[in-house]
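**Student:** start28.pdb (PDB, C-alpha atoms) pasted underneath:
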ATOM      1  CA  GLY A 135      52.421 -24.628  32.182
ATOM      2  CA  ASN A 136      49.968 -24.523  35.083
ATOM      3  CA  SER A 137      52.524 -25.067  37.836
ATOM      4  CA  GLY A 138      52.006 -21.458  38.842
ATOM      5  CA  GLU A 139      55.653 -21.113  39.838
ATOM      6  CA  SER A 140      56.405 -18.230  37.486
ATOM      7  CA  SER A 141      53.421 -16.286  38.767
ATOM      8  CA  GLY A 142      54.187 -17.000  42.422
ATOM      9  CA  TRP A 143      51.272 -19.436  42.860
ATOM     10  CA  ASN A 144      52.803 -22.480  44.551
ATOM     11  CA  PHE A 145      50.767 -25.423  43.174
ATOM     12  CA  VAL A 146      51.549 -28.953  44.363
ATOM     13  CA  LYS A 147      50.015 -32.347  43.476
ATOM     14  CA  SER A 148      48.690 -32.947  46.984
ATOM     15  CA  LEU A 149      48.826 -31.208  50.357
ATOM     16  CA  VAL A 150      51.208 -32.717  52.910
ATOM     17  CA  ASP A 151      49.518 -33.362  56.257
ATOM     18  CA  THR A 152      51.775 -31.595  58.780
ATOM     19  CA  SER A 153      49.886 -33.065  61.752
ATOM     20  CA  SER A 154      50.747 -36.060  63.924
ATOM     21  CA  GLN A 155      48.378 -38.064  66.108
ATOM     22  CA  LEU A 156      48.570 -37.350  69.844
ATOM     23  CA  ASP A 157      45.881 -39.828  70.903
ATOM     24  CA  GLY A 158      43.704 -42.314  69.040
ATOM     25  CA  PHE A 159      42.194 -43.594  72.344
ATOM     26  CA  GLU A 160      43.004 -47.200  71.423
ATOM     27  CA  ARG A 161      45.212 -47.975  74.430
ATOM     28  CA  THR A 162      46.412 -46.383  77.648
ATOM     29  CA  SER A 163      47.284 -42.784  76.831
ATOM     30  CA  LYS A 164      50.756 -41.315  77.277
ATOM     31  CA  LEU A 165      49.181 -37.871  77.676
ATOM     32  CA  VAL A 166      48.227 -36.225  80.968
ATOM     33  CA  TRP A 167      44.414 -36.497  81.008
ATOM     34  CA  ASP A 168      41.987 -35.609  83.782
ATOM     35  CA  ILE A 169      38.618 -37.073  82.811
ATOM     36  CA  GLY A 170      36.832 -35.889  85.938
ATOM     37  CA  THR A 171      35.098 -37.782  88.748
ATOM     38  CA  THR A 172      31.521 -36.610  88.156
ATOM     39  CA  ASP A 173      30.141 -37.915  84.868
ATOM     40  CA  PRO A 174      33.665 -38.732  83.644
ATOM     41  CA  TRP A 175      34.626 -39.276  80.035
ATOM     42  CA  ARG A 176      35.568 -42.904  79.277
ATOM     43  CA  LEU A 177      36.904 -45.121  76.519
ATOM     44  CA  SER A 178      34.116 -46.470  74.317
ATOM     45  CA  ASN A 179      33.878 -48.940  71.462
ATOM     46  CA  THR A 180      30.383 -47.829  70.403
ATOM     47  CA  PHE A 181      31.691 -45.480  67.702
ATOM     48  CA  SER A 182      35.123 -44.637  66.351
ATOM     49  CA  TYR A 183      36.475 -42.377  63.636
ATOM     50  CA  GLU A 184      39.498 -44.624  63.142
ATOM     51  CA  GLY A 185      40.601 -47.757  64.991
ATOM     52  CA  SER A 186      37.974 -49.362  67.212
ATOM     53  CA  LYS A 187      37.658 -46.966  70.171
ATOM     54  CA  SER A 188      36.994 -43.331  71.007
ATOM     55  CA  LEU A 189      36.593 -41.181  74.130
ATOM     56  CA  GLN A 190      32.954 -40.723  75.186
ATOM     57  CA  SER A 191      31.515 -37.936  77.307
ATOM     58  CA  GLY A 192      29.876 -38.895  80.603
ATOM     59  CA  ILE A 193      26.502 -37.467  79.645
ATOM     60  CA  ASN A 194      23.978 -40.063  78.496
ATOM     61  CA  LEU A 195      20.223 -40.619  78.531
ATOM     62  CA  ALA A 196      20.168 -41.933  82.114
ATOM     63  CA  ARG A 197      22.072 -38.844  83.276
ATOM     64  CA  TYR A 198      19.545 -36.650  81.474
ATOM     65  CA  ASP A 199      16.632 -37.987  83.505
ATOM     66  CA  LEU A 200      18.338 -37.317  86.849
ATOM     67  CA  ALA A 201      19.402 -33.739  86.188
ATOM     68  CA  GLY A 202      16.238 -31.939  87.316
ATOM     69  CA  GLY A 203      16.764 -28.387  86.122
ATOM     70  CA  GLU A 204      20.495 -28.116  86.885
ATOM     71  CA  PRO A 205      23.311 -27.875  84.321
ATOM     72  CA  VAL A 206      25.379 -31.066  84.114
ATOM     73  CA  PHE A 207      29.008 -30.825  82.970
ATOM     74  CA  SER A 208      31.216 -33.633  81.720
ATOM     75  CA  ASN A 209      34.787 -32.339  81.332
ATOM     76  CA  ALA A 210      37.968 -33.907  79.990
ATOM     77  CA  THR A 211      41.168 -31.889  80.517
ATOM     78  CA  LEU A 212      44.519 -32.389  78.817
ATOM     79  CA  THR A 213      47.595 -30.730  80.355
ATOM     80  CA  THR A 214      50.351 -30.014  77.831
ATOM     81  CA  PRO A 215      53.983 -30.496  78.974
ATOM     82  CA  LYS A 216      56.322 -27.542  79.679
ATOM     83  CA  LYS A 217      58.253 -28.352  76.508
ATOM     84  CA  PHE A 218      55.102 -28.230  74.323
ATOM     85  CA  GLU A 219      56.036 -26.222  71.221
ATOM     86  CA  GLY A 220      52.634 -24.656  70.621
ATOM     87  CA  GLY A 221      50.360 -25.460  67.708
ATOM     88  CA  VAL A 222      46.867 -26.449  66.656
ATOM     89  CA  LEU A 223      45.044 -29.373  68.267
ATOM     90  CA  SER A 224      42.454 -30.845  65.914
ATOM     91  CA  PHE A 225      40.001 -33.611  66.813
ATOM     92  CA  MET A 226      36.981 -35.421  65.421
ATOM     93  CA  ILE A 227      33.629 -35.129  67.213
ATOM     94  CA  LEU A 228      30.491 -37.236  66.795
ATOM     95  CA  ALA A 229      27.393 -35.940  68.581
ATOM     96  CA  GLY A 230      23.845 -37.221  68.807
ATOM     97  CA  GLN A 231      22.585 -33.679  69.134
ATOM     98  CA  LEU A 232      24.038 -30.319  70.055
ATOM     99  CA  GLU A 233      20.945 -28.147  70.063
ATOM    100  CA  LEU A 234      20.735 -25.330  72.580
ATOM    101  CA  PRO A 235      19.161 -25.062  75.128
ATOM    102  CA  ASN A 236      19.344 -28.866  75.638
ATOM    103  CA  GLU A 237      23.054 -29.438  75.082
ATOM    104  CA  ALA A 238      26.270 -27.601  74.359
ATOM    105  CA  PHE A 239      29.863 -28.528  73.544
ATOM    106  CA  PHE A 240      32.837 -26.186  73.834
ATOM    107  CA  VAL A 241      36.612 -26.261  74.328
ATOM    108  CA  SER A 242      38.602 -23.914  76.566
ATOM    109  CA  VAL A 243      42.313 -23.270  77.045
ATOM    110  CA  ASP A 244      43.309 -22.204  80.580
ATOM    111  CA  GLY A 245      39.669 -21.366  81.316
ATOM    112  CA  GLU A 246      39.176 -19.149  78.236
ATOM    113  CA  VAL A 247      36.648 -20.513  75.731
ATOM    114  CA  GLU A 248      38.475 -20.938  72.409
ATOM    115  CA  LEU A 249      35.866 -23.050  70.574
ATOM    116  CA  PRO A 250      32.464 -21.628  71.593
ATOM    117  CA  PRO A 251      29.130 -23.520  71.523
ATOM    118  CA  SER A 252      27.974 -21.233  68.696
ATOM    119  CA  LEU A 253      30.476 -22.949  66.364
ATOM    120  CA  THR A 254      29.485 -26.492  67.370
ATOM    121  CA  ASN A 255      25.719 -25.946  67.738
ATOM    122  CA  GLY A 256      23.357 -27.937  65.544
ATOM    123  CA  ASN A 257      22.912 -31.535  64.503
ATOM    124  CA  PRO A 258      25.987 -32.327  62.442
ATOM    125  CA  ASP A 259      25.854 -35.363  60.198
ATOM    126  CA  GLY A 260      28.596 -37.812  61.170
ATOM    127  CA  TRP A 261      32.080 -36.985  62.441
ATOM    128  CA  VAL A 262      33.095 -33.308  62.301
ATOM    129  CA  GLU A 263      36.626 -31.931  62.702
ATOM    130  CA  TYR A 264      37.166 -29.018  65.107
ATOM    131  CA  SER A 265      40.354 -27.367  66.316
ATOM    132  CA  VAL A 266      41.847 -25.007  68.904
ATOM    133  CA  ALA A 267      45.140 -23.113  68.963
ATOM    134  CA  VAL A 268      47.309 -23.780  72.025
ATOM    135  CA  PRO A 269      50.385 -21.614  72.842
ATOM    136  CA  GLU A 270      53.763 -23.094  73.753
ATOM    137  CA  GLY A 271      54.412 -24.421  77.248
ATOM    138  CA  LYS A 272      52.138 -25.908  79.913
ATOM    139  CA  HIS A 273      48.410 -25.315  79.385
ATOM    140  CA  LYS A 274      45.122 -26.920  80.334
ATOM    141  CA  VAL A 275      42.833 -27.741  77.396
ATOM    142  CA  THR A 276      39.300 -28.714  78.485
ATOM    143  CA  TRP A 277      36.611 -30.375  76.376
ATOM    144  CA  SER A 278      33.190 -29.670  77.959
ATOM    145  CA  HIS A 279      29.942 -31.426  77.112
ATOM    146  CA  VAL A 280      27.034 -29.814  78.977
ATOM    147  CA  TYR A 281      23.452 -30.907  79.456
ATOM    148  CA  ASN A 282      20.973 -28.061  80.107
ATOM    149  CA  PRO A 283      23.695 -25.344  80.086
ATOM    150  CA  PHE A 284      21.229 -22.594  81.078
ATOM    151  CA  GLY A 285      19.766 -24.605  84.001
ATOM    152  CA  MET A 286      16.218 -24.415  82.654
ATOM    153  CA  LYS A 287      13.410 -26.031  84.672
ATOM    154  CA  SER A 288      12.041 -27.776  81.579
ATOM    155  CA  LEU A 289      13.564 -28.345  78.149
ATOM    156  CA  PRO A 290      12.098 -28.821  74.667
ATOM    157  CA  LEU A 291      11.394 -32.464  73.877
ATOM    158  CA  SER A 292      14.260 -34.066  72.033
ATOM    159  CA  THR A 293      14.198 -37.351  70.164
ATOM    160  CA  SER A 294      17.875 -37.418  69.191
ATOM    161  CA  VAL A 295      20.466 -39.853  70.448
ATOM    162  CA  VAL A 296      22.201 -38.502  73.520
ATOM    163  CA  GLY A 297      25.974 -38.752  73.569
ATOM    164  CA  LEU A 298      29.220 -37.237  72.353
ATOM    165  CA  TRP A 299      32.400 -38.981  71.224
ATOM    166  CA  MET A 300      35.904 -37.682  70.428
ATOM    167  CA  ASP A 301      38.576 -39.424  68.356
ATOM    168  CA  ASP A 302      41.832 -38.826  66.461
ATOM    169  CA  LEU A 303      43.338 -35.980  68.522
ATOM    170  CA  ARG A 304      46.145 -34.461  66.410
ATOM    171  CA  TYR A 305      48.825 -31.780  66.710
ATOM    172  CA  ALA A 306      50.057 -29.536  63.891
ATOM    173  CA  PRO A 307      52.670 -26.771  64.213
ATOM    174  CA  PHE A 308      51.512 -23.231  63.463
ATOM    175  CA  THR A 309      51.958 -22.543  59.731
ATOM    176  CA  SER A 310      54.088 -19.447  60.350
ATOM    177  CA  ASP A 311      56.329 -21.313  62.855
ATOM    178  CA  ARG A 312      56.863 -24.144  60.396
ATOM    179  CA  LEU A 313      57.981 -21.691  57.724
ATOM    180  CA  ASP A 314      60.124 -19.838  60.257
ATOM    181  CA  ASN A 315      58.224 -16.771  59.125
ATOM    182  CA  THR A 316      58.439 -14.075  61.765
ATOM    183  CA  ALA A 317      57.002 -11.310  59.593
ATOM    184  CA  ASN A 318      53.441 -12.584  60.347
ATOM    185  CA  ILE A 319      52.588 -12.370  56.623
ATOM    186  CA  LEU A 320      52.334 -15.528  54.532
ATOM    187  CA  GLY A 321      52.642 -14.709  50.843
ATOM    188  CA  LEU A 322      51.893 -16.815  47.776
ATOM    189  CA  SER A 323      55.325 -18.454  47.826
ATOM    190  CA  ASP A 324      54.785 -19.553  51.466
ATOM    191  CA  LEU A 325      51.480 -21.312  50.819
ATOM    192  CA  LYS A 326      51.505 -24.706  49.115
ATOM    193  CA  MET A 327      48.224 -25.151  47.250
ATOM    194  CA  THR A 328      46.448 -27.764  45.183
ATOM    195  CA  ASN A 329      44.707 -26.777  41.952
ATOM    196  CA  SER A 330      42.129 -29.413  41.147
ATOM    197  CA  ALA A 331      38.919 -30.140  39.280
ATOM    198  CA  ASP A 332      35.922 -31.598  41.054
ATOM    199  CA  GLY A 333      34.285 -33.611  38.314
ATOM    200  CA  VAL A 334      33.998 -34.899  34.770
ATOM    201  CA  ASP A 335      35.692 -31.970  33.054
ATOM    202  CA  SER A 336      39.192 -31.300  34.311
ATOM    203  CA  ALA A 337      38.475 -27.605  34.752
ATOM    204  CA  VAL A 338      41.276 -26.051  36.812
ATOM    205  CA  TRP A 339      42.700 -22.575  37.348
ATOM    206  CA  LYS A 340      45.187 -21.536  34.642
ATOM    207  CA  VAL A 341      48.129 -19.210  35.028
ATOM    208  CA  ASP A 342      47.978 -16.034  32.945
ATOM    209  CA  SER A 343      49.841 -12.724  32.919
ATOM    210  CA  THR A 344      47.814 -11.312  35.848
ATOM    211  CA  GLY A 345      47.781 -14.372  38.118
ATOM    212  CA  VAL A 346      45.349 -17.267  37.699
ATOM    213  CA  VAL A 347      42.020 -17.504  35.884
ATOM    214  CA  ALA A 348      39.145 -20.023  35.909
ATOM    215  CA  SER A 349      36.559 -20.256  33.121
ATOM    216  CA  THR A 350      33.024 -21.607  33.142
ATOM    217  CA  SER A 351      33.467 -22.568  29.457
ATOM    218  CA  ASP A 352      35.949 -25.278  30.584
ATOM    219  CA  PHE A 353      32.993 -27.226  32.011
ATOM    220  CA  ASN A 354      31.870 -28.730  28.714
ATOM    221  CA  ASN A 355      30.011 -31.795  29.914
ATOM    222  CA  GLU A 356      28.886 -30.756  33.366
ATOM    223  CA  ASN A 357      25.730 -28.874  34.269
ATOM    224  CA  ASP A 358      27.478 -27.792  37.480
ATOM    225  CA  GLY A 359      31.019 -28.011  38.791
ATOM    226  CA  SER A 360      33.919 -26.184  40.357
ATOM    227  CA  ALA A 361      37.633 -25.471  39.964
ATOM    228  CA  ASP A 362      39.308 -25.410  43.371
ATOM    229  CA  ILE A 363      42.522 -23.968  44.746
ATOM    230  CA  GLN A 364      42.999 -25.310  48.269
ATOM    231  CA  PHE A 365      45.453 -24.846  51.139
ATOM    232  CA  VAL A 366      45.536 -25.286  54.924
ATOM    233  CA  LEU A 367      46.216 -22.647  57.576
ATOM    234  CA  ASN A 368      47.099 -23.576  61.167
ATOM    235  CA  SER A 369      46.911 -20.229  62.875
ATOM    236  CA  ARG A 370      47.628 -19.200  66.464
ATOM    237  CA  PHE A 371      45.671 -15.933  66.612
ATOM    238  CA  GLY A 372      43.703 -16.010  63.379
ATOM    239  CA  GLY A 373      44.171 -13.278  60.831
ATOM    240  CA  THR A 374      43.040 -11.810  57.531
ATOM    241  CA  LEU A 375      43.092 -13.406  54.116
ATOM    242  CA  LYS A 376      43.777 -10.617  51.601
ATOM    243  CA  TYR A 377      43.214 -11.241  47.911
ATOM    244  CA  LYS A 378      42.781  -9.480  44.569
ATOM    245  CA  VAL A 379      39.839 -10.703  42.493
ATOM    246  CA  LYS A 380      38.246  -9.739  39.183
ATOM    247  CA  ALA A 381      34.934 -11.302  38.176
ATOM    248  CA  ASP A 382      33.053 -11.448  34.914
ATOM    249  CA  THR A 383      30.231 -13.732  36.037
ATOM    250  CA  THR A 384      26.454 -13.797  36.397
ATOM    251  CA  ALA A 385      24.604 -15.430  39.314
ATOM    252  CA  PRO A 386      23.126 -18.008  39.440
ATOM    253  CA  HIS A 387      25.078 -19.226  36.363
ATOM    254  CA  ASP A 388      28.548 -18.836  37.857
ATOM    255  CA  ASP A 389      30.452 -17.095  40.631
ATOM    256  CA  PHE A 390      33.533 -17.219  42.866
ATOM    257  CA  ALA A 391      33.408 -18.365  46.499
ATOM    258  CA  ILE A 392      35.831 -18.724  49.399
ATOM    259  CA  LEU A 393      35.149 -21.600  51.760
ATOM    260  CA  LEU A 394      36.582 -22.258  55.221
ATOM    261  CA  ASN A 395      36.373 -25.928  56.208
ATOM    262  CA  GLY A 396      33.723 -26.488  53.553
ATOM    263  CA  ASP A 397      31.460 -23.568  54.527
ATOM    264  CA  VAL A 398      31.012 -20.651  52.107
ATOM    265  CA  ARG A 399      32.254 -17.447  53.789
ATOM    266  CA  ASP A 400      32.296 -15.092  50.806
ATOM    267  CA  ALA A 401      30.849 -15.139  47.293
ATOM    268  CA  VAL A 402      31.627 -12.726  44.447
ATOM    269  CA  PHE A 403      30.011 -12.232  41.045
ATOM    270  CA  GLY A 404      29.321  -9.446  38.570
ATOM    271  CA  GLU A 405      31.266  -7.483  35.986
ATOM    272  CA  MET A 406      34.383  -5.855  37.410
ATOM    273  CA  VAL A 407      36.413  -3.486  35.244
ATOM    274  CA  SER A 408      39.587  -4.111  37.257
ATOM    275  CA  PHE A 409      40.871  -6.133  40.211
ATOM    276  CA  GLU A 410      39.279  -5.448  43.591
ATOM    277  CA  HIS A 411      41.102  -5.889  46.910
ATOM    278  CA  ARG A 412      39.042  -7.962  49.302
ATOM    279  CA  GLU A 413      39.550  -9.391  52.788
ATOM    280  CA  LEU A 414      38.212 -12.311  54.787
ATOM    281  CA  VAL A 415      38.654 -12.848  58.528
ATOM    282  CA  VAL A 416      40.038 -16.302  59.427
ATOM    283  CA  PRO A 417      39.623 -17.449  63.066
ATOM    284  CA  PRO A 418      42.437 -19.170  65.017
ATOM    285  CA  GLY A 419      42.970 -22.921  64.594
ATOM    286  CA  LYS A 420      42.966 -25.179  61.544
ATOM    287  CA  HIS A 421      41.210 -23.976  58.404
ATOM    288  CA  VAL A 422      41.072 -25.634  55.004
ATOM    289  CA  VAL A 423      40.756 -22.658  52.627
ATOM    290  CA  THR A 424      39.119 -23.257  49.230
ATOM    291  CA  LEU A 425      39.146 -20.660  46.437
ATOM    292  CA  ARG A 426      36.369 -21.898  44.158
ATOM    293  CA  HIS A 427      35.121 -20.828  40.739
ATOM    294  CA  ARG A 428      31.632 -22.336  40.527
ATOM    295  CA  LYS A 429      29.438 -23.190  37.575
ATOM    296  CA  ASN A 430      25.748 -23.310  38.547
ATOM    297  CA  PRO A 431      26.383 -23.460  42.337
ATOM    298  CA  GLY A 432      22.647 -23.834  43.026
ATOM    299  CA  ARG A 433      22.537 -26.895  40.742
ATOM    300  CA  PHE A 434      19.522 -25.610  38.821
ATOM    301  CA  SER A 435      18.271 -27.409  35.732
ATOM    302  CA  SER A 436      19.567 -26.164  32.376
ATOM    303  CA  GLY A 437      15.933 -25.427  31.473
ATOM    304  CA  LEU A 438      15.575 -23.047  34.398
ATOM    305  CA  LEU A 439      18.932 -21.377  33.692
ATOM    306  CA  ASN A 440      18.056 -20.921  30.006
ATOM    307  CA  SER A 441      14.709 -19.366  30.970
ATOM    308  CA  LEU A 442      16.614 -16.567  32.749
ATOM    309  CA  GLY A 443      17.749 -15.218  29.375
ATOM    310  CA  GLU A 444      21.052 -14.603  27.658
ATOM    311  CA  VAL A 445      24.178 -14.304  29.803
ATOM    312  CA  GLY A 446      26.223 -11.239  28.914
ATOM    313  CA  THR A 447      29.353 -12.112  30.902
ATOM    314  CA  MET A 448      32.447 -14.141  29.997
ATOM    315  CA  GLY A 449      32.110 -16.609  32.871
ATOM    316  CA  LYS A 450      35.596 -15.992  34.276
ATOM    317  CA  THR A 451      37.201 -15.274  37.642
ATOM    318  CA  TRP A 452      40.754 -13.924  37.947
ATOM    319  CA  LEU A 453      42.843 -13.985  41.122
ATOM    320  CA  GLY A 454      45.769 -11.575  41.128
ATOM    321  CA  ASP A 455      47.397 -12.019  44.515
ATOM    322  CA  LEU A 456      46.757 -13.557  47.908
ATOM    323  CA  SER A 457      48.312 -13.368  51.365
ATOM    324  CA  PHE A 458      47.460 -14.272  54.936
ATOM    325  CA  VAL A 459      48.226 -11.637  57.563
ATOM    326  CA  GLU A 460      48.382 -13.213  61.018
ATOM    327  CA  ASN A 461      47.018 -11.237  63.961
ATOM    328  CA  VAL A 462      49.720 -10.258  66.457
ATOM    329  CA  TYR A 463      49.208 -10.028  70.210
TER     330      TYR A 463
END
Take the structure in this file and express it as structure tokens.

**Tutor:**
Amino acid sequence: GNSGESSGWNFVKSLVDTSSQLDGFERTSKLVWDIGTTDPWRLSNTFSYEGSKSLQSGINLARYDLAGGEPVFSNATLTTPKKFEGGVLSFMILAGQLELPNEAFFVSVDGEVELPPSLTNGNPDGWVEYSVAVPEGKHKVTWSHVYNPFGMKSLPLSTSVVGLWMDDLRYAPFTSDRLDNTANILGLSDLKMTNSADGVDSAVWKVDSTGVVASTSDFNNENDGSADIQFVLNSRFGGTLKYKVKADTTAPHDDFAILLNGDVRDAVFGEMVSFEHRELVVPPGKHVVTLRHRKNPGRFSSGLLNSLGEVGTMGKTWLGDLSFVENVY
């Protein structure tokens, strides 16, 4: 069958959420928060990811007008207790705009920036999940929303809504801690994965003698689609995803991609005679990893694809092995 057990691929029906909510900002918090005295964060019922409230940064449109060429910080700091076991803090963020040089958002642990503005920059659509890894014991985790971070005398005109909200702060143990895996390598048997189709045709990865294989020909009724293997890593230091892949695909008709939290980080296509060993760097924190065989990822019309001529490849991707090697410090 396609359970994957015999081949070492550990497929499950659905992924178990290992996280628990630390704060939903609905009532008085049991956590040790310092929301600051200048431009403090505050509870808000304007927007919420779940429930009816969230925590809102102290920077708003009125604050913008008073700044006059100086950076304005609004900080919220959480102090973890001495008995904190260490793990990944994930949280949902809604921002009107996070375009440099006007605004920036970042998170630091004990003064070291762990989630830099470069990863939160832009105008995200709706609530976005971010995360930081926090070691065991007592630490200060600070969420910083900054207006005019570079202290510029004048800023580009901005028409966006000003404001930033946080909701659904969660804790998840580090994946390797949860598995009691001290060897810092997570193999196939350690990683529970889903193997699912995204659309009309139930095209999934199938177990074969070399590992697992996905075929474009399984998408009979779809002009585009994907077969997805997915798992979650909660990593303290980040690490390297190592995998063996063999492709017999032709872009833009089909290919193989690895996504981290929904963003494509690597794409592979072509005719490979044998398996190739490849690696992908995974940062610290929470990452949903998707191994995706894609039919027509650009969603071109069949007319356009047909005009490109005959495809000489089989339309298959094979995965032979996979492991996550955690960085050690």

**Student:** Using all atoms listed in the file, which residues sit within 8 Å of Gly297 in chain A once same-chain residues fewer than 4 positions away are excluded, as a VMD selection string?

**Tutor:** chain A and resid 190 to 191 193 to 195 229 to 231

**Student:** Within 10 Å of Met327 in chain A, counting all atoms listed in the file, which residues qualify if same-chain residues fewer than 5 places away don't, as an MDAnalysis selection string?

**Tutor:** chainID A and resid 138 143:150 322 362:366 423:424

**Student:** Go ahead and find all residues with at least one atom no further than 10 Å from (22.2, -26.5, 64.4) in the file's coordinates, using only C-alpha atoms; report them as an MDAnalysis selection string.

**Tutor:** chainID A and resid 231:234 252:258

**Student:** Taking all atoms listed in the file into account, name the residue in A:Glu410, A:Ser153, A:Asn236, A:Asp400 that is nearest to Leu291 in chain A.

**Tutor:**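 Among the listed residues, the smallest separation from Leu291 in chain A belongs to A:Asn236.
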
**Student:** Running the PyMOL selection byres ((chain A and resi 332) around 10) on this model by hand, what would come out? Give it as a list in words.

**Tutor:** Ser330, Ala331, Gly333, Val334, Asp335, Ser336, Ala337, Val338, Asp358, Gly359, Ser360, Ala361 and Asp362 of chain A

**Student:** Expressed in Å to a single decimal, how great is the separation between CA of Thr309 in chain A and CA of Leu249 in chain A?

**Tutor:** 19.4 Å

**Student:** For the file shown, report as a PyMOL selection string the outcome of the PyMOL selection byres ((chain A and resi 155-165) around 12) at residue level.

**Tutor:** chain A and resi 151-154+166-169+175-179+181-190+211-215+218+222-226+274-275+299-306

**Student:** Name the closest residue to His411 in chain A among the candidates A:Asn209, A:Thr172, A:Thr328, A:Ser457; distances are taken between atoms, counting all atoms listed in the file.

**Tutor:**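 Nearest to His411 in chain A: A:Ser457.
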
**Student:** I'd like to see the residues matched by the PyMOL selection byres ((chain A and resi 379) around 9) on this file, and ideally I'd get them as a PDB file with C-alpha atoms, in the frame of the given file.

**Tutor:**
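Here's the written file part-v1.pdb:
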ATOM      1  CA  TYR A 377      43.214 -11.241  47.911  1.00  0.00           C
ATOM      2  CA  LYS A 378      42.781  -9.480  44.569  1.00  0.00           C
ATOM      3  CA  LYS A 380      38.246  -9.739  39.183  1.00  0.00           C
ATOM      4  CA  ALA A 381      34.934 -11.302  38.176  1.00  0.00           C
ATOM      5  CA  VAL A 402      31.627 -12.726  44.447  1.00  0.00           C
ATOM      6  CA  MET A 406      34.383  -5.855  37.410  1.00  0.00           C
ATOM      7  CA  SER A 408      39.587  -4.111  37.257  1.00  0.00           C
ATOM      8  CA  PHE A 409      40.871  -6.133  40.211  1.00  0.00           C
ATOM      9  CA  GLU A 410      39.279  -5.448  43.591  1.00  0.00           C
ATOM     10  CA  HIS A 411      41.102  -5.889  46.910  1.00  0.00           C
ATOM     11  CA  ARG A 412      39.042  -7.962  49.302  1.00  0.00           C
ATOM     12  CA  THR A 451      37.201 -15.274  37.642  1.00  0.00           C
ATOM     13  CA  TRP A 452      40.754 -13.924  37.947  1.00  0.00           C
ATOM     14  CA  LEU A 453      42.843 -13.985  41.122  1.00  0.00           C
ATOM     15  CA  GLY A 454      45.769 -11.575  41.128  1.00  0.00           C
ATOM     16  CA  ASP A 455      47.397 -12.019  44.515  1.00  0.00           C
TER      17      ASP A 455
END

**Student:** Need to verify the contact set: Glu460 in chain A, 12 Å, all atoms listed in the file, exclusion of same-chain residues closer than 6 positions in sequence. Can you return it as a PyMOL selection string?

**Tutor:** chain A and resi 308-311+315-321+367-376+414-419

**Student:** Now that the selection is made, can you save its residues with C-alpha atoms as a PDB file, in the coordinates of the input?

**Tutor:**
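The resulting file, part-v9.pdb, is shown below:
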ATOM      1  CA  PHE A 308      51.512 -23.231  63.463  1.00  0.00           C
ATOM      2  CA  THR A 309      51.958 -22.543  59.731  1.00  0.00           C
ATOM      3  CA  SER A 310      54.088 -19.447  60.350  1.00  0.00           C
ATOM      4  CA  ASP A 311      56.329 -21.313  62.855  1.00  0.00           C
ATOM      5  CA  ASN A 315      58.224 -16.771  59.125  1.00  0.00           C
ATOM      6  CA  THR A 316      58.439 -14.075  61.765  1.00  0.00           C
ATOM      7  CA  ALA A 317      57.002 -11.310  59.593  1.00  0.00           C
ATOM      8  CA  ASN A 318      53.441 -12.584  60.347  1.00  0.00           C
ATOM      9  CA  ILE A 319      52.588 -12.370  56.623  1.00  0.00           C
ATOM     10  CA  LEU A 320      52.334 -15.528  54.532  1.00  0.00           C
ATOM     11  CA  GLY A 321      52.642 -14.709  50.843  1.00  0.00           C
ATOM     12  CA  LEU A 367      46.216 -22.647  57.576  1.00  0.00           C
ATOM     13  CA  ASN A 368      47.099 -23.576  61.167  1.00  0.00           C
ATOM     14  CA  SER A 369      46.911 -20.229  62.875  1.00  0.00           C
ATOM     15  CA  ARG A 370      47.628 -19.200  66.464  1.00  0.00           C
ATOM     16  CA  PHE A 371      45.671 -15.933  66.612  1.00  0.00           C
ATOM     17  CA  GLY A 372      43.703 -16.010  63.379  1.00  0.00           C
ATOM     18  CA  GLY A 373      44.171 -13.278  60.831  1.00  0.00           C
ATOM     19  CA  THR A 374      43.040 -11.810  57.531  1.00  0.00           C
ATOM     20  CA  LEU A 375      43.092 -13.406  54.116  1.00  0.00           C
ATOM     21  CA  LYS A 376      43.777 -10.617  51.601  1.00  0.00           C
ATOM     22  CA  LEU A 414      38.212 -12.311  54.787  1.00  0.00           C
ATOM     23  CA  VAL A 415      38.654 -12.848  58.528  1.00  0.00           C
ATOM     24  CA  VAL A 416      40.038 -16.302  59.427  1.00  0.00           C
ATOM     25  CA  PRO A 417      39.623 -17.449  63.066  1.00  0.00           C
ATOM     26  CA  PRO A 418      42.437 -19.170  65.017  1.00  0.00           C
ATOM     27  CA  GLY A 419      42.970 -22.921  64.594  1.00  0.00           C
TER      28      GLY A 419
END

**Student:** Between CA of Gly271 in chain A and CA of Asp244 in chain A, what distance in Å does the model show, to one decimal?

**Tutor:** 11.8 Å
